[in-house]
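Some notes on the structure that comes next.
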Amino acid sequence: MFGYEFYVDPSRCIGCQACVNACAECDTHRGYPMIHVDYLDRGASIATVPMVCMHCDDPTCAQVCPADAIKQGEDGVVHSALKPRCVACSNCVLACPFGVPKMQSELELMMKCDMCYDRTSAGLRPMCATVCPSQALAYVKPEAITHRREVPTNVFQFGRQTVTTRVFYMVPPSTPAVEIDVVDYLWEGER
Amino acid sequence: MSGPLWREEFSVRSSEESYVSRRQFGKFLILTSLGMFVGNLWLLMRSWLRRPPTFPSMQVARLSEVPEGGVKLFRYPTASDPCILVRRRGEEVAAYSQKCTHLSCAVTYSAERGRLECPCHQGYFSVRDGRVLQGPPQRPLPRVLLERHGDDLIAVGMDMGEGDA
């Protein structure tokens with residue numbers, strides 16, 4: 001769908017899992033949801049975050065693939081691993097800064113969100129954005145998102161790696177880019 | 001697009017995917033066969049220009065110091081060429097290079113079986129003339145030509161066996 005962009009707004013997510021179930025309904029990967037709803041801090045908060053593939057401009061998952069199985073289409077969509085090529089090495093799973101690719105070991109295949117390529121390439125919205133009741137996942141034209149309090153950004157800073165993505169993330173207006181202190185997140189001791 | 005050539009040929013972007021062009025493949029074929037041709041030419045020149053090696057005369061052992069069925073190790077023609085001298089019976093002596101012609105392990109003399117044996121891959125050589133009795137070696141052991149002056153055994157040359165070695 002030309003002119004439409006994908007916006008993820010975790011502040012709107014109510015954790016209903018409708019997107020997960022809708023995604024698993026798809027005939028191209030029935031039973032395997034390609035979207036993950038993560039609990040931020042389950043013991044202390046009800047906050048949830050939906051995680052779709054951010055479709056990086058320079059996809060790390062594809063860069064580390066030794067089998068050339070992950071390809072980025074001309075429209076910037078990073079596709080799921082090609083079944084004849086994927087060697088199930090999990091390089092992409094470890095490399096993705098967003099934790100999107102998942103190894104389906106029983107299929108020996110990495111599967112990830114491809115922005116419902118069968119739908120978006122035919123003029124339909126991605127299934128998760130279609131079913132999301134709070135529009136935490138929105139597939140709309142850019143002008144339709146401007147009325148929201150949060151502003152979209154697609155620049156993420158992981159240590160020294162700057163990642164720009166096709167999917168936008170809604171952040172507070174004071175935040176131009178999402179900076180993630182990787183070392184801080186790896187820390188497992190007392191805070 | 002920077003980076004190595006394979007990164008260009010196996011781009012993650014399907015729009016940049018390209019197969020090897022006919023011209024590139026032709027270039028590869030021509031350059032490779034040119035390289036092979038030049039290499040062969042060089043080998044040819046080398047074999048043309050090579051002179052037959054000369055060997056020094058060197059006293060390697062005394063007959064009296066080697067018992068019957070015994071061996072003496074020596075180095076000939078240079079200090080990095082180990083050789084083995086075998087006295088079979090009576091005054092019958094023969095000397096060979098100790099390097100197995102398969103992978104250069106050191107061969108040893110087995111008196112009861114009357115042959116030179118390589119322990120690495122069970123390559124056996126005749127102690128009579130150095131030819132291969134069994135095992136992976138293809139060429140006979142180079143033989144050290146000996147001359148006898150009284151009690152002294154003098155190495156005067158090497159017989160590399162068939163062809164050049």
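Each chain in the structure tokens gets a letter, A, B, ..., in the order shown, and its residues are numbered from 1; ligands are numbered from 1 in order too.
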
Chain A residues within 6 Å of chain B, counting only C-alpha atoms: which ones, as a JSON list (two decimals) with N, CA and C atoms, in the first residue's frame?
```
[["chain", "number", "residue", "atom", "x", "y", "z"],
["A", 62, "ALA", "N", 19.95, -9.90, 8.11],
["A", 62, "ALA", "CA", 20.35, -10.33, 6.78],
["A", 62, "ALA", "C", 21.85, -10.20, 6.58],
["A", 71, "LYS", "N", 16.33, -11.76, 2.71],
["A", 71, "LYS", "CA", 16.46, -10.74, 1.68],
["A", 71, "LYS", "C", 15.55, -9.56, 2.00],
["A", 72, "GLN", "N", 16.05, -8.40, 1.59],
["A", 72, "GLN", "CA", 15.25, -7.19, 1.76],
["A", 72, "GLN", "C", 14.69, -6.82, 0.39],
["A", 73, "GLY", "N", 13.38, -6.70, 0.33],
["A", 73, "GLY", "CA", 12.74, -6.38, -0.93],
["A", 73, "GLY", "C", 12.96, -4.94, -1.33],
["A", 74, "GLU", "N", 12.55, -4.61, -2.55],
["A", 74, "GLU", "CA", 12.77, -3.26, -3.04],
["A", 74, "GLU", "C", 11.99, -2.23, -2.25]]
```

(message) If you run DSSP on the backbone here, which positions in region 53-161 of chain A get helix (DSSP H, G or I)? Please write them as a ChimeraX atom specification.
(response) /A:60-64,91-95,117-120,127-131,142-144

Generate a file of the selected residues that holds C-alpha atoms, formatted as a compact mmCIF listing (two decimals), in the first residue's frame.
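And here is the file that came out, part17.txt:
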```
# COMPACT_ATOMS: atom_id res chain seq x y z
CA THR A 60 21.50 -6.79 10.73
CA CYS A 61 19.76 -10.17 10.53
CA ALA A 62 20.35 -10.33 6.78
CA GLN A 63 23.90 -9.02 7.08
CA VAL A 64 24.88 -11.85 9.42
CA ASN A 91 22.78 -16.03 13.73
CA CYS A 92 19.90 -13.67 12.93
CA VAL A 93 18.17 -14.48 16.23
CA LEU A 94 21.29 -13.45 18.14
CA ALA A 95 22.10 -10.46 15.95
CA TYR A 117 3.64 -9.25 2.65
CA ASP A 118 0.79 -11.23 1.10
CA ARG A 119 -1.64 -8.58 2.38
CA THR A 120 0.30 -5.30 2.13
CA MET A 127 -3.38 -8.39 10.16
CA CYS A 128 -2.12 -7.16 13.54
CA ALA A 129 -2.86 -3.53 12.67
CA THR A 130 -6.29 -4.59 11.43
CA VAL A 131 -7.30 -6.25 14.70
CA PRO A 142 1.68 9.74 8.02
CA GLU A 143 -0.83 12.59 8.22
CA ALA A 144 -3.25 10.38 10.15
```

(message) Measuring between only C-alpha atoms, which one of A:Gly15, A:Pro101, A:Pro50, A:Pro66 shows the shortest distance to His79 (chain A)?
(response)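 For His79 (chain A), the nearest of the given residues is A:Pro101.
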
(message) Using only C-alpha atoms, can you tell me which of B:Ser47, B:Gln138, B:Ser64, B:Ser57 comes closest to Gly157 (chain B)?
(response)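 Of B:Ser47, B:Gln138, B:Ser64, B:Ser57, the one nearest Gly157 (chain B), counting only C-alpha atoms, is B:Ser57.
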
(request) Enumerate as an MDAnalysis selection string all residues of chain B assigned to strand (DSSP E or B) by DSSP on the backbone, naming them with the chain letters and numbers the document uses. (result) chainID B and resid 13 58:62 71:75 82:87 93:97 99 106 108:110 115:118 123:126 132:134 143:149 152:159

(message) If we count only C-alpha atoms and set the cut-off at 8 Å, which residues sit around Met110 (chain A), ignoring sequence neighbours fewer than 3 positions away in its own chain? Please answer as a list in words.
(response)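 So, after excluding close chain neighbours, the residues are Ser80, Ala81, Cys86, Ala88, Ser90, Pro101, Lys102, Met103 and Gln104 of chain A.
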
(message) Give me the residues near Val37 (chain A) as an NGL selection string, where near means some atom within 8 Å (using only C-alpha atoms) and where sequence neighbours in that chain fewer than 5 positions away do not count.
(response) :A and (15 or 17 or 20 or 48-51)

How would the residues just chosen look if you wrote them out with N, CA and C atoms as a compact mmCIF listing (two decimals), in the first residue's frame?
```txt
# COMPACT_ATOMS: atom_id res chain seq x y z
N GLY A 15 -2.25 -5.22 25.94
CA GLY A 15 -1.87 -6.61 26.20
C GLY A 15 -2.95 -7.62 25.91
N GLN A 17 -3.45 -9.43 23.28
CA GLN A 17 -2.94 -10.54 22.47
C GLN A 17 -3.77 -10.78 21.21
N VAL A 20 -1.43 -11.21 18.32
CA VAL A 20 -0.71 -12.49 18.32
C VAL A 20 -1.60 -13.57 17.72
N THR A 48 2.69 -3.64 28.56
CA THR A 48 3.06 -4.62 27.54
C THR A 48 3.54 -3.88 26.30
N VAL A 49 4.36 -4.55 25.53
CA VAL A 49 4.91 -3.95 24.32
C VAL A 49 4.74 -4.92 23.16
N PRO A 50 4.05 -4.51 22.11
CA PRO A 50 4.00 -5.38 20.94
C PRO A 50 5.27 -5.18 20.12
N MET A 51 5.80 -6.28 19.61
CA MET A 51 7.04 -6.18 18.85
C MET A 51 6.85 -6.84 17.48
```

(message) Neighbouring residues of Phe125 (chain B) were defined as those with any atom within 6 Å, considering only C-alpha atoms; residues of the same chain fewer than 2 positions away were excluded. Please report them as a PyMOL selection string.
(response) chain B and resi 115-116+130-133

(request) In Å, rounded to a single decimal, give me how far CA of Thr164 (chain A) is from CA of Arg85 (chain A). (result)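 These two atoms are separated by 26.5 Å.
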
(message) Env of Gly31 (chain A): 10 Å cut, atoms = only C-alpha atoms, seq-sep filter 6 positions within chain, self excluded. Answer as a PyMOL selection string.
(response) chain A and resi 20-25

(request) Report the distance between CA of Gly123 (chain B) and CA of Ile84 (chain B) in Å, rounded to one decimal place. (result)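 For CA of Gly123 (chain B) relative to CA of Ile84 (chain B), the distance reads 15.9 Å.
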
(message) Nearest residue to Glu68 (chain B) out of B:Asn40, B:Gln98, B:Phe55, B:Gly90, using only C-alpha atoms?
(response) B:Gly90
